[in-house]
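To be precise, the following lines are my_file.txt, and they hold compact mmCIF, C-alpha atoms (C1' of nucleotides).
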```txt
# COMPACT_ATOMS: atom_id res chain seq x y z
CA MET A 1 16.01 -16.09 -75.36
CA LYS A 2 13.14 -14.47 -77.17
CA ASN A 3 14.45 -15.83 -80.43
CA GLU A 4 14.36 -19.32 -79.04
CA VAL A 5 10.72 -18.91 -78.14
CA ALA A 6 9.93 -17.57 -81.58
CA GLU A 7 11.79 -20.54 -83.04
CA ILE A 8 9.59 -22.99 -81.17
CA LEU A 9 6.47 -21.26 -82.41
CA LYS A 10 7.67 -21.23 -86.01
CA ARG A 11 8.69 -24.86 -85.81
CA ASN A 12 5.08 -25.61 -84.95
CA GLN A 13 3.65 -23.52 -87.78
CA LEU A 14 2.30 -20.89 -85.47
CA SER A 15 2.51 -17.19 -86.15
CA VAL A 16 4.68 -15.39 -83.63
CA THR A 17 2.42 -13.15 -81.59
CA GLY A 18 2.83 -11.25 -78.35
CA SER A 19 0.64 -13.42 -76.22
CA ARG A 20 2.08 -16.69 -77.48
CA GLN A 21 5.61 -15.50 -76.84
CA LYS A 22 4.87 -14.19 -73.37
CA ILE A 23 2.97 -17.28 -72.28
CA LEU A 24 5.55 -19.68 -73.67
CA GLU A 25 8.28 -17.63 -72.01
CA LEU A 26 6.42 -17.93 -68.72
CA PHE A 27 6.41 -21.71 -69.00
CA ARG A 28 10.10 -21.82 -69.73
CA HIS A 29 10.94 -19.70 -66.71
CA SER A 30 8.88 -21.66 -64.21
CA ASP A 31 10.11 -25.01 -63.04
CA GLY A 32 6.64 -26.27 -62.25
CA ALA A 33 3.32 -26.55 -64.00
CA LEU A 34 1.01 -23.60 -64.38
CA ALA A 35 -2.70 -23.19 -63.86
CA HIS A 36 -4.73 -20.88 -66.02
CA ALA A 37 -4.93 -18.44 -63.10
CA ASP A 38 -1.13 -18.36 -62.72
CA ILE A 39 -0.80 -17.26 -66.30
CA GLU A 40 -3.47 -14.62 -65.94
CA LYS A 41 -1.65 -13.18 -62.94
CA ASN A 42 2.00 -13.55 -63.85
CA THR A 43 2.11 -11.87 -67.19
CA THR A 44 2.98 -8.21 -66.85
CA GLU A 45 1.08 -7.45 -69.96
CA GLN A 46 -2.51 -8.33 -69.28
CA PHE A 47 -4.12 -10.64 -71.79
CA ASP A 48 -7.76 -11.39 -72.18
CA ARG A 49 -8.96 -14.60 -70.50
CA VAL A 50 -10.18 -15.84 -73.83
CA THR A 51 -6.79 -15.33 -75.43
CA ILE A 52 -5.11 -17.36 -72.73
CA TYR A 53 -7.62 -20.18 -73.11
CA ARG A 54 -7.12 -20.24 -76.86
CA THR A 55 -3.35 -20.01 -76.63
CA LEU A 56 -3.17 -22.90 -74.18
CA GLN A 57 -5.50 -24.94 -76.35
CA THR A 58 -3.33 -24.32 -79.37
CA PHE A 59 -0.19 -25.25 -77.42
CA VAL A 60 -1.77 -28.50 -76.28
CA GLU A 61 -2.83 -29.35 -79.83
CA LYS A 62 0.64 -28.65 -81.18
CA GLY A 63 2.29 -30.66 -78.44
CA ILE A 64 4.12 -27.73 -76.89
CA VAL A 65 2.47 -28.18 -73.49
CA HIS A 66 0.48 -31.00 -71.92
CA THR A 67 -2.24 -31.03 -69.29
CA ILE A 68 -1.82 -32.71 -65.94
CA PRO A 69 -4.67 -34.43 -64.14
CA THR A 70 -4.79 -33.36 -60.51
CA ALA A 71 -6.46 -34.80 -57.45
CA ASP A 72 -8.41 -31.61 -56.81
CA ASN A 73 -9.44 -31.38 -60.45
CA SER A 74 -7.87 -28.12 -61.33
CA VAL A 75 -6.38 -27.82 -64.78
CA LEU A 76 -2.60 -27.65 -64.96
CA TYR A 77 -0.33 -27.17 -67.95
CA ALA A 78 3.34 -27.98 -68.33
CA LEU A 79 5.93 -27.80 -71.09
CA CYS A 80 6.41 -30.94 -73.13
CA LYS A 81 9.85 -32.31 -73.80
CA ASP A 82 11.09 -31.82 -77.34
CA ASP A 83 10.12 -35.27 -78.47
CA CYS A 84 6.44 -34.45 -78.29
CA SER A 85 5.22 -34.06 -81.82
CA GLU A 86 1.99 -32.57 -83.04
CA GLY A 87 -1.04 -34.43 -81.80
CA HIS A 88 1.07 -37.10 -80.23
CA HIS A 89 2.12 -36.66 -76.64
CA HIS A 90 4.81 -38.81 -75.09
CA ASP A 91 3.97 -37.80 -71.61
CA ASN A 92 5.51 -40.74 -69.85
CA HIS A 93 6.76 -39.12 -66.71
CA VAL A 94 5.42 -38.90 -63.20
CA HIS A 95 3.86 -35.72 -61.83
CA PHE A 96 4.46 -34.61 -58.29
CA ILE A 97 2.38 -32.04 -56.43
CA CYS A 98 3.80 -30.57 -53.24
CA ASP A 99 1.23 -30.35 -50.46
CA ASN A 100 3.17 -27.50 -48.91
CA CYS A 101 4.06 -25.09 -51.70
CA SER A 102 1.57 -26.44 -54.25
CA THR A 103 4.21 -26.56 -56.96
CA THR A 104 3.63 -29.26 -59.54
CA TYR A 105 6.76 -30.92 -60.87
CA CYS A 106 7.27 -33.02 -63.94
CA LEU A 107 9.66 -35.71 -62.77
CA GLU A 108 11.14 -36.17 -66.21
CA HIS A 109 13.48 -38.89 -65.12
CA THR A 110 10.92 -40.91 -63.27
CA ALA A 111 9.15 -43.06 -65.82
CA THR A 112 5.63 -44.29 -65.28
CA PRO A 113 5.71 -47.92 -64.15
CA LYS A 114 4.10 -50.77 -66.03
CA VAL A 115 0.91 -51.70 -64.23
CA GLU A 116 -0.79 -55.05 -64.71
CA VAL A 117 -4.47 -54.68 -65.54
CA PRO A 118 -7.18 -57.36 -65.36
CA LEU A 119 -7.84 -59.64 -68.32
CA GLY A 120 -9.66 -57.92 -71.16
CA PHE A 121 -8.40 -54.46 -70.38
CA GLN A 122 -5.96 -52.85 -72.77
CA THR A 123 -3.91 -49.89 -71.64
CA LYS A 124 -2.99 -47.00 -73.88
CA GLN A 125 -1.92 -44.41 -71.36
CA THR A 126 -0.83 -44.35 -67.75
CA ASP A 127 -0.84 -41.20 -65.66
CA VAL A 128 0.80 -41.11 -62.26
CA ILE A 129 0.19 -38.24 -59.89
CA MET A 130 2.04 -38.27 -56.61
CA SER A 131 1.76 -35.82 -53.77
CA GLY A 132 3.74 -35.12 -50.63
CA THR A 133 6.62 -32.80 -49.85
CA CYS A 134 9.06 -31.61 -52.49
CA ASN A 135 12.82 -31.25 -52.22
CA LYS A 136 12.57 -27.54 -51.42
CA CYS A 137 10.05 -27.88 -48.62
CA ASN A 138 11.75 -30.83 -46.98
CA MET B 1 -31.68 -53.55 -50.60
CA LYS B 2 -33.01 -50.24 -49.42
CA ASN B 3 -32.38 -51.30 -45.84
CA GLU B 4 -28.78 -51.94 -46.66
CA VAL B 5 -28.41 -48.41 -47.99
CA ALA B 6 -30.06 -47.00 -44.89
CA GLU B 7 -27.72 -49.10 -42.79
CA ILE B 8 -24.68 -47.56 -44.45
CA LEU B 9 -26.01 -44.09 -43.82
CA LYS B 10 -26.76 -44.79 -40.16
CA ARG B 11 -23.37 -46.39 -39.68
CA ASN B 12 -21.90 -43.08 -40.77
CA GLN B 13 -24.08 -41.01 -38.47
CA LEU B 14 -26.08 -39.53 -41.31
CA SER B 15 -29.82 -39.09 -41.20
CA VAL B 16 -31.59 -41.25 -43.75
CA THR B 17 -33.09 -38.96 -46.35
CA GLY B 18 -34.56 -39.49 -49.79
CA SER B 19 -31.75 -37.93 -51.76
CA ARG B 20 -29.00 -39.69 -49.84
CA GLN B 21 -30.68 -43.05 -50.30
CA LYS B 22 -31.30 -42.55 -54.01
CA ILE B 23 -27.81 -41.30 -54.76
CA LEU B 24 -26.12 -44.02 -52.76
CA GLU B 25 -28.34 -46.59 -54.45
CA LEU B 26 -27.25 -45.22 -57.81
CA PHE B 27 -23.60 -45.74 -56.92
CA ARG B 28 -24.24 -49.29 -55.82
CA HIS B 29 -25.99 -50.15 -59.06
CA SER B 30 -23.37 -48.73 -61.39
CA ASP B 31 -20.12 -50.59 -61.82
CA GLY B 32 -18.16 -47.47 -62.73
CA ALA B 33 -17.59 -44.05 -61.32
CA LEU B 34 -20.15 -41.29 -61.67
CA ALA B 35 -19.85 -37.65 -62.61
CA HIS B 36 -22.08 -35.05 -61.06
CA ALA B 37 -23.98 -34.84 -64.34
CA ASP B 38 -24.67 -38.60 -64.35
CA ILE B 39 -26.32 -38.30 -60.99
CA GLU B 40 -28.38 -35.33 -62.04
CA LYS B 41 -29.67 -37.25 -65.04
CA ASN B 42 -30.06 -40.79 -63.74
CA THR B 43 -32.20 -40.23 -60.70
CA THR B 44 -35.87 -40.55 -61.57
CA GLU B 45 -36.75 -38.18 -58.79
CA GLN B 46 -35.15 -34.91 -59.65
CA PHE B 47 -33.01 -33.34 -56.98
CA ASP B 48 -31.70 -29.85 -56.81
CA ARG B 49 -28.15 -29.39 -58.06
CA VAL B 50 -27.20 -27.97 -54.71
CA THR B 51 -28.50 -31.03 -52.89
CA ILE B 52 -26.43 -33.33 -55.07
CA TYR B 53 -23.31 -31.25 -54.50
CA ARG B 54 -23.86 -31.29 -50.76
CA THR B 55 -24.69 -34.98 -50.64
CA LEU B 56 -21.55 -35.89 -52.57
CA GLN B 57 -19.48 -33.63 -50.35
CA THR B 58 -20.90 -35.32 -47.26
CA PHE B 59 -20.24 -38.77 -48.72
CA VAL B 60 -16.64 -37.87 -49.46
CA GLU B 61 -16.14 -36.52 -45.94
CA LYS B 62 -17.61 -39.65 -44.40
CA GLY B 63 -15.53 -41.92 -46.58
CA ILE B 64 -18.46 -43.45 -48.44
CA VAL B 65 -17.25 -42.31 -51.84
CA HIS B 66 -13.93 -40.96 -53.13
CA THR B 67 -13.06 -38.63 -55.96
CA ILE B 68 -11.00 -39.66 -58.96
CA PRO B 69 -8.62 -37.31 -60.76
CA THR B 70 -9.11 -37.48 -64.51
CA ALA B 71 -7.03 -36.38 -67.45
CA ASP B 72 -9.78 -34.15 -68.80
CA ASN B 73 -10.30 -32.66 -65.35
CA SER B 74 -13.88 -33.61 -64.80
CA VAL B 75 -14.82 -34.64 -61.29
CA LEU B 76 -15.68 -38.30 -60.79
CA TYR B 77 -16.95 -40.07 -57.70
CA ALA B 78 -16.86 -43.77 -56.86
CA LEU B 79 -17.86 -45.93 -53.92
CA CYS B 80 -15.17 -46.64 -51.37
CA LYS B 81 -14.50 -50.13 -50.17
CA ASP B 82 -15.69 -50.83 -46.64
CA ASP B 83 -12.30 -50.27 -45.06
CA CYS B 84 -12.47 -46.57 -45.75
CA SER B 85 -13.19 -44.90 -42.45
CA GLU B 86 -14.27 -41.34 -41.81
CA GLY B 87 -11.72 -38.82 -42.94
CA HIS B 88 -9.27 -41.49 -43.89
CA HIS B 89 -9.37 -42.86 -47.39
CA HIS B 90 -7.49 -46.00 -48.32
CA ASP B 91 -7.81 -45.39 -51.99
CA ASN B 92 -4.89 -47.48 -53.09
CA HIS B 93 -6.23 -48.88 -56.30
CA VAL B 94 -5.74 -47.98 -59.93
CA HIS B 95 -8.42 -46.19 -61.93
CA PHE B 96 -9.13 -47.08 -65.52
CA ILE B 97 -11.04 -44.92 -67.98
CA CYS B 98 -12.30 -46.53 -71.18
CA ASP B 99 -11.68 -44.38 -74.24
CA ASN B 100 -14.61 -46.04 -75.98
CA CYS B 101 -17.49 -46.15 -73.52
CA SER B 102 -16.07 -43.57 -71.08
CA THR B 103 -16.77 -45.79 -68.10
CA THR B 104 -14.38 -45.31 -65.22
CA TYR B 105 -13.48 -48.43 -63.30
CA CYS B 106 -11.93 -48.86 -59.91
CA LEU B 107 -9.53 -51.74 -60.37
CA GLU B 108 -9.82 -52.78 -56.74
CA HIS B 109 -7.37 -55.63 -57.10
CA THR B 110 -4.74 -53.63 -58.89
CA ALA B 111 -2.70 -51.86 -56.26
CA THR B 112 -0.82 -48.68 -57.03
CA PRO B 113 2.86 -49.46 -57.57
CA LYS B 114 5.71 -48.02 -55.54
CA VAL B 115 7.39 -45.33 -57.58
CA GLU B 116 10.90 -44.12 -56.87
CA VAL B 117 11.08 -40.34 -56.59
CA PRO B 118 14.19 -38.14 -56.72
CA LEU B 119 16.18 -37.39 -53.59
CA GLY B 120 14.46 -34.91 -51.29
CA PHE B 121 10.96 -35.73 -52.38
CA GLN B 122 8.70 -37.48 -49.94
CA THR B 123 5.57 -39.20 -51.21
CA LYS B 124 2.31 -39.32 -49.29
CA GLN B 125 -0.10 -40.36 -51.98
CA THR B 126 0.10 -41.98 -55.38
CA ASP B 127 -2.73 -41.83 -57.91
CA VAL B 128 -2.67 -43.91 -61.05
CA ILE B 129 -5.09 -43.24 -63.88
CA MET B 130 -4.94 -45.52 -66.87
CA SER B 131 -6.89 -45.27 -70.08
CA GLY B 132 -7.49 -47.54 -73.04
CA THR B 133 -10.16 -50.13 -73.82
CA CYS B 134 -12.10 -51.95 -71.13
CA ASN B 135 -13.06 -55.61 -71.02
CA LYS B 136 -16.53 -54.91 -72.42
CA CYS B 137 -15.38 -52.86 -75.41
CA ASN B 138 -12.57 -55.20 -76.37
C1' DA C 1 3.03 -0.57 -98.82
C1' DT C 2 -0.74 -3.53 -99.61
C1' DC C 3 -3.36 -7.50 -99.26
C1' DT C 4 -4.85 -11.95 -97.04
C1' DG C 5 -5.60 -14.89 -93.39
C1' DT C 6 -4.90 -15.54 -88.61
C1' DT C 7 -5.33 -13.85 -83.95
C1' DT C 8 -7.08 -10.88 -80.50
C1' DG C 9 -10.40 -8.57 -77.43
C1' DC C 10 -15.00 -7.56 -76.37
C1' DA C 11 -19.62 -8.88 -75.22
C1' DA C 12 -22.76 -12.09 -74.27
C1' DC C 13 -23.64 -16.54 -72.82
C1' DT C 14 -23.36 -21.41 -70.73
C1' DT C 15 -21.81 -24.40 -67.38
C1' DT C 16 -20.15 -25.51 -62.90
C1' DG C 17 -19.90 -24.82 -58.26
C1' DT C 18 -20.94 -21.94 -53.79
C1' DT C 19 -23.53 -19.37 -50.01
C1' DG C 20 -27.49 -17.61 -47.10
C1' DC C 21 -31.82 -18.38 -45.65
C1' DA C 22 -36.57 -19.95 -44.97
C1' DA C 23 -39.42 -24.12 -45.42
C1' DA C 24 -39.64 -29.04 -45.02
C1' DA C 25 -38.17 -33.39 -43.35
C1' DT C 26 -35.77 -36.30 -40.01
C1' DA C 27 -34.58 -37.84 -35.43
C1' DA C 28 -35.09 -37.52 -30.72
C1' DA C 29 -37.87 -36.51 -26.53
C1' DC C 30 -41.87 -36.78 -24.23
C1' DG D 1 -48.41 -40.37 -31.40
C1' DT D 2 -47.52 -35.66 -30.81
C1' DT D 3 -44.22 -32.15 -29.94
C1' DT D 4 -39.64 -30.22 -30.18
C1' DA D 5 -34.93 -29.64 -31.82
C1' DT D 6 -31.81 -30.33 -35.34
C1' DT D 7 -30.60 -31.43 -39.85
C1' DT D 8 -31.46 -31.24 -44.67
C1' DT D 9 -33.54 -29.43 -48.69
C1' DG D 10 -34.74 -26.13 -52.36
C1' DC D 11 -34.79 -21.58 -53.93
C1' DA D 12 -32.51 -17.44 -55.24
C1' DA D 13 -28.71 -15.05 -55.97
C1' DC D 14 -24.08 -15.15 -56.78
C1' DA D 15 -19.14 -16.34 -58.21
C1' DA D 16 -15.98 -18.71 -61.03
C1' DA D 17 -14.68 -21.17 -65.20
C1' DG D 18 -15.02 -21.82 -69.83
C1' DT D 19 -17.15 -21.08 -74.69
C1' DT D 20 -18.83 -18.72 -79.02
C1' DG D 21 -19.57 -15.05 -82.62
C1' DC D 22 -17.90 -11.16 -84.54
C1' DA D 23 -15.46 -6.91 -85.72
C1' DA D 24 -10.96 -4.77 -85.22
C1' DA D 25 -5.99 -5.50 -85.02
C1' DC D 26 -2.01 -7.89 -86.29
C1' DA D 27 1.48 -11.15 -88.65
C1' DG D 28 3.30 -12.79 -92.71
C1' DA D 29 3.56 -12.99 -97.62
C1' DT D 30 3.42 -10.58 -102.08
```
So that I can check it, write out the structure of this file as structure tokens.
Amino acid sequence: MKNEVAEILKRNQLSVTGSRQKILELFRHSDGALAHADIEKNTTEQFDRVTIYRTLQTFVEKGIVHTIPTADNSVLYALCKDDCSEGHHHDNHVHFICDNCSTTYCLEHTATPKVEVPLGFQTKQTDVIMSGTCNKCN
Amino acid sequence: MKNEVAEILKRNQLSVTGSRQKILELFRHSDGALAHADIEKNTTEQFDRVTIYRTLQTFVEKGIVHTIPTADNSVLYALCKDDCSEGHHHDNHVHFICDNCSTTYCLEHTATPKVEVPLGFQTKQTDVIMSGTCNKCN
DNA sequence: ATCTGTTTGCAACTTTGTTGCAAAATAAAC
DNA sequence: GTTTATTTTGCAACAAAGTTGCAAACAGAT
């Protein structure tokens, strides 16, 4: 398992360090998205806030994780699927936030719909954030 | 014009004060959404940061403005259509952020699409945020 | 084992948002 | 139109979130 994490880091030309491994591991073991605070709390080894910020930033740049816009404007991060390459996110799935347990899901198999925009507008990206009750809280 | 603004405030059982009038006026004269910073800068009369926060909060509660989730997690506010009543937003339109001029539009006539979610999930709200080039920058 | 470049942690700082309280302004009553 | 009650404002102090510079620690290559 740890080797797999190291593999991902190497594949992205990142040196394999403790914090990067632990944080990436954390993402792979949680089925939802993570906020900065979740990471700060859930790592047994305590990392500096700055390190976490920088690690997340690096991961986003390399296309390992992506950010999720939320209705309450907190920052959330989630693992990208393998076909996300450096600097080019293919984040075409819907995000679902449970009102009850606050878990944020990437609905990988629910593609974002095509939305008609008024004349003159040209769309590059579409983000869909849904909220309600998830399959565990229902 | 100023009377109209005062009317809106009274209709929502809010006392008509300088800051509320000026801020509401600002919303009515801008075609896009506004960030807190925009308001702090664009009012000739300078208001305290705290006052702006509280005014916006009140407006959101009363259904005069609504917040918009953004991909870069900055907080944006935009005027609600008249059919938003207190405590009950009918914010069913798509939001569009221009990559070029950074203006955020409420596409009032573009309704959010119905999105199929996996079994067990129950949707209460759907937010759609699109980005690209707007009709002025194209 | 040693060297080189990257990464980390600390400290200090900026920005963003919140809370309590007294002074000022608004709305209502007289 | 003045007085009174309530709401709103601005200040100060604080809390949370995020950033930057720099020296020490570490990873990876020689």
Residues within 12 Å of DT3 of chain D, only C-alpha atoms (C1' of nucleotides), excluding chain neighbours under 5 positions, as a PDB file with C-alpha atoms (C1' of nucleotides), in the frame of the given file:
```
ATOM      1  C1'  DA C  28     -35.090 -37.520 -30.720  1.00  0.00           C
ATOM      2  C1'  DA C  29     -37.870 -36.510 -26.530  1.00  0.00           C
ATOM      3  C1'  DC C  30     -41.870 -36.780 -24.230  1.00  0.00           C
TER       4       DC C  30
END
```
Interface, chain C side, toward chain A (10 Å; all atoms listed in the file) as a count of residues only: 5
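The space separating atom CA of Ile8 of chain B from atom CA of Arg20 of chain B comes to 10.5 Å.
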Chain A residues near chain B within 7 Å, closest pair each, using all atoms listed in the file, as a tab-separated table:
```
residue	atom	partner	partner_atom	distance
A:Ile68	CA	B:Ala71	CA	6.5
A:Pro69	CA	B:Ala71	CA	4.5
A:Thr70	CA	B:Pro69	CA	5.5
A:Ala71	CA	B:Pro69	CA	4.7
A:Asp72	CA	B:Pro69	CA	6.9
A:Asn73	CA	B:Asn73	CA	5.1
A:Ser74	CA	B:Asn73	CA	6.5
A:Val75	CA	B:Asn73	CA	6.3
A:Thr110	CA	B:Val117	CA	6.7
A:Val117	CA	B:Thr110	CA	6.7
A:Gly120	CA	B:Asn135	CA	4.1
A:Phe121	CA	B:Cys134	CA	4.5
A:Gln122	CA	B:Thr133	CA	5.1
A:Thr123	CA	B:Gly132	CA	4.5
A:Lys124	CA	B:Gly132	CA	4.6
A:Gln125	CA	B:Ser131	CA	5.2
A:Thr126	CA	B:Met130	CA	4.4
A:Asp127	CA	B:Ile129	CA	5.0
A:Val128	CA	B:Val128	CA	4.6
A:Ile129	CA	B:Asp127	CA	5.0
A:Met130	CA	B:Thr126	CA	4.4
A:Ser131	CA	B:Gln125	CA	5.2
A:Gly132	CA	B:Thr123	CA	4.5
A:Thr133	CA	B:Gln122	CA	5.1
A:Cys134	CA	B:Phe121	CA	4.5
A:Asn135	CA	B:Gly120	CA	4.1
A:Asn138	CA	B:Gly120	CA	6.5
```
Same-sequence overlay, chain A on chain B, C-alpha least squares, as a CSV table (one decimal) with C-alpha atoms, keeping the file's coordinate frame:
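The result, written out as part-v8.csv:
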```csv
chain,number,residue,atom,x,y,z
A,1,MET,CA,-31.5,-53.5,-50.5
A,2,LYS,CA,-32.9,-50.2,-49.3
A,3,ASN,CA,-32.2,-51.3,-45.7
A,4,GLU,CA,-28.6,-51.9,-46.6
A,5,VAL,CA,-28.3,-48.4,-47.9
A,6,ALA,CA,-29.9,-47.0,-44.8
A,7,GLU,CA,-27.5,-49.1,-42.7
A,8,ILE,CA,-24.5,-47.5,-44.4
A,9,LEU,CA,-25.9,-44.0,-43.8
A,10,LYS,CA,-26.6,-44.7,-40.1
A,11,ARG,CA,-23.2,-46.3,-39.6
A,12,ASN,CA,-21.7,-43.0,-40.7
A,13,GLN,CA,-23.9,-40.9,-38.4
A,14,LEU,CA,-26.0,-39.5,-41.3
A,15,SER,CA,-29.7,-39.1,-41.2
A,16,VAL,CA,-31.5,-41.2,-43.7
A,17,THR,CA,-33.0,-39.0,-46.3
A,18,GLY,CA,-34.5,-39.5,-49.7
A,19,SER,CA,-31.7,-37.9,-51.7
A,20,ARG,CA,-28.9,-39.7,-49.8
A,21,GLN,CA,-30.6,-43.0,-50.2
A,22,LYS,CA,-31.3,-42.6,-53.9
A,23,ILE,CA,-27.8,-41.3,-54.7
A,24,LEU,CA,-26.0,-44.0,-52.7
A,25,GLU,CA,-28.3,-46.6,-54.4
A,26,LEU,CA,-27.2,-45.2,-57.7
A,27,PHE,CA,-23.6,-45.7,-56.9
A,28,ARG,CA,-24.2,-49.3,-55.8
A,29,HIS,CA,-26.0,-50.2,-59.0
A,30,SER,CA,-23.4,-48.8,-61.3
A,31,ASP,CA,-20.1,-50.6,-61.8
A,32,GLY,CA,-18.2,-47.5,-62.8
A,33,ALA,CA,-17.6,-44.1,-61.4
A,34,LEU,CA,-20.2,-41.3,-61.7
A,35,ALA,CA,-19.9,-37.7,-62.7
A,36,HIS,CA,-22.1,-35.1,-61.1
A,37,ALA,CA,-24.1,-34.9,-64.4
A,38,ASP,CA,-24.7,-38.6,-64.4
A,39,ILE,CA,-26.4,-38.4,-61.0
A,40,GLU,CA,-28.4,-35.4,-62.0
A,41,LYS,CA,-29.7,-37.3,-65.0
A,42,ASN,CA,-30.1,-40.9,-63.7
A,43,THR,CA,-32.2,-40.3,-60.6
A,44,THR,CA,-35.9,-40.7,-61.5
A,45,GLU,CA,-36.7,-38.3,-58.7
A,46,GLN,CA,-35.2,-35.0,-59.6
A,47,PHE,CA,-33.0,-33.4,-57.0
A,48,ASP,CA,-31.8,-29.9,-56.9
A,49,ARG,CA,-28.2,-29.4,-58.1
A,50,VAL,CA,-27.2,-28.0,-54.8
A,51,THR,CA,-28.5,-31.0,-52.9
A,52,ILE,CA,-26.4,-33.3,-55.1
A,53,TYR,CA,-23.3,-31.2,-54.5
A,54,ARG,CA,-23.9,-31.2,-50.8
A,55,THR,CA,-24.7,-34.9,-50.7
A,56,LEU,CA,-21.5,-35.9,-52.6
A,57,GLN,CA,-19.5,-33.6,-50.4
A,58,THR,CA,-20.8,-35.2,-47.3
A,59,PHE,CA,-20.2,-38.7,-48.7
A,60,VAL,CA,-16.6,-37.8,-49.5
A,61,GLU,CA,-16.1,-36.4,-46.0
A,62,LYS,CA,-17.5,-39.5,-44.4
A,63,GLY,CA,-15.4,-41.8,-46.6
A,64,ILE,CA,-18.4,-43.4,-48.4
A,65,VAL,CA,-17.2,-42.3,-51.9
A,66,HIS,CA,-13.9,-40.9,-53.2
A,67,THR,CA,-13.1,-38.6,-56.0
A,68,ILE,CA,-11.0,-39.7,-59.0
A,69,PRO,CA,-8.6,-37.4,-60.8
A,70,THR,CA,-9.2,-37.5,-64.6
A,71,ALA,CA,-7.1,-36.5,-67.5
A,72,ASP,CA,-9.8,-34.2,-68.9
A,73,ASN,CA,-10.3,-32.7,-65.4
A,74,SER,CA,-13.9,-33.6,-64.9
A,75,VAL,CA,-14.9,-34.6,-61.4
A,76,LEU,CA,-15.7,-38.3,-60.9
A,77,TYR,CA,-17.0,-40.1,-57.8
A,78,ALA,CA,-16.8,-43.7,-56.9
A,79,LEU,CA,-17.8,-45.9,-53.9
A,80,CYS,CA,-15.1,-46.6,-51.4
A,81,LYS,CA,-14.4,-50.1,-50.2
A,82,ASP,CA,-15.6,-50.8,-46.6
A,83,ASP,CA,-12.2,-50.2,-45.1
A,84,CYS,CA,-12.4,-46.5,-45.8
A,85,SER,CA,-13.1,-44.8,-42.5
A,86,GLU,CA,-14.2,-41.2,-41.9
A,87,GLY,CA,-11.7,-38.7,-43.1
A,88,HIS,CA,-9.2,-41.3,-44.0
A,89,HIS,CA,-9.3,-42.8,-47.5
A,90,HIS,CA,-7.4,-45.9,-48.4
A,91,ASP,CA,-7.8,-45.4,-52.1
A,92,ASN,CA,-4.9,-47.5,-53.2
A,93,HIS,CA,-6.3,-48.9,-56.4
A,94,VAL,CA,-5.8,-48.0,-60.0
A,95,HIS,CA,-8.5,-46.2,-62.0
A,96,PHE,CA,-9.2,-47.1,-65.6
A,97,ILE,CA,-11.1,-44.9,-68.0
A,98,CYS,CA,-12.3,-46.5,-71.3
A,99,ASP,CA,-11.7,-44.3,-74.3
A,100,ASN,CA,-14.6,-46.0,-76.1
A,101,CYS,CA,-17.5,-46.1,-73.6
A,102,SER,CA,-16.1,-43.6,-71.1
A,103,THR,CA,-16.8,-45.8,-68.2
A,104,THR,CA,-14.4,-45.3,-65.3
A,105,TYR,CA,-13.5,-48.5,-63.4
A,106,CYS,CA,-12.0,-48.9,-60.0
A,107,LEU,CA,-9.6,-51.8,-60.5
A,108,GLU,CA,-9.8,-52.9,-56.9
A,109,HIS,CA,-7.4,-55.7,-57.3
A,110,THR,CA,-4.8,-53.7,-59.0
A,111,ALA,CA,-2.7,-52.0,-56.4
A,112,THR,CA,-0.9,-48.8,-57.1
A,113,PRO,CA,2.8,-49.5,-57.6
A,114,LYS,CA,5.6,-48.1,-55.5
A,115,VAL,CA,7.3,-45.4,-57.5
A,116,GLU,CA,10.8,-44.1,-56.6
A,117,VAL,CA,10.9,-40.4,-56.3
A,118,PRO,CA,14.0,-38.1,-56.3
A,119,LEU,CA,15.9,-37.4,-53.1
A,120,GLY,CA,14.1,-35.0,-50.8
A,121,PHE,CA,10.7,-35.8,-52.0
A,122,GLN,CA,8.4,-37.7,-49.6
A,123,THR,CA,5.3,-39.4,-51.0
A,124,LYS,CA,2.0,-39.6,-49.1
A,125,GLN,CA,-0.3,-40.6,-51.9
A,126,THR,CA,-0.1,-42.1,-55.3
A,127,ASP,CA,-2.9,-41.9,-57.9
A,128,VAL,CA,-2.8,-43.9,-61.1
A,129,ILE,CA,-5.1,-43.2,-63.9
A,130,MET,CA,-5.0,-45.5,-66.9
A,131,SER,CA,-6.9,-45.2,-70.1
A,132,GLY,CA,-7.5,-47.4,-73.1
A,133,THR,CA,-10.1,-50.0,-73.9
A,134,CYS,CA,-12.0,-51.9,-71.3
A,135,ASN,CA,-13.0,-55.6,-71.2
A,136,LYS,CA,-16.5,-54.9,-72.6
A,137,CYS,CA,-15.3,-52.8,-75.6
A,138,ASN,CA,-12.5,-55.1,-76.5
```
Interface residues on chain D facing chain B, 9 Å, only C-alpha atoms (C1' of nucleotides), written as a list of chain:residue names: D:DT7, D:DT8, D:DT9, D:DG10
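Between atom CA of Val16 of chain B and atom C1' of DT26 of chain C the interatomic distance comes to 7.5 Å.
Residue nearest DA17 of chain D, chosen from C:DA23, C:DG17, C:DT4, C:DA12 and counting only C-alpha atoms (C1' of nucleotides): C:DG17.
For the atom pair formed by atom CA of Leu26 of chain B and atom CA of Glu4 of chain B, the distance is 13.1 Å, given to one decimal.
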Among listed residues D:DT20, D:DA25, D:DT6, D:DT30, nearest DA25 of chain C (using only C-alpha atoms (C1' of nucleotides)):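 Closest to DA25 of chain C of all the choices is D:DT6.
The nearest approach to DA13 of chain D among the residues C:DC21, C:DA1, C:DA11, C:DT16, with only C-alpha atoms (C1' of nucleotides) taken into account, belongs to C:DC21.
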Which residue of C:DA27, C:DC13, C:DG20, C:DG5 approaches DC26 of chain D most closely, using only C-alpha atoms (C1' of nucleotides): C:DG5
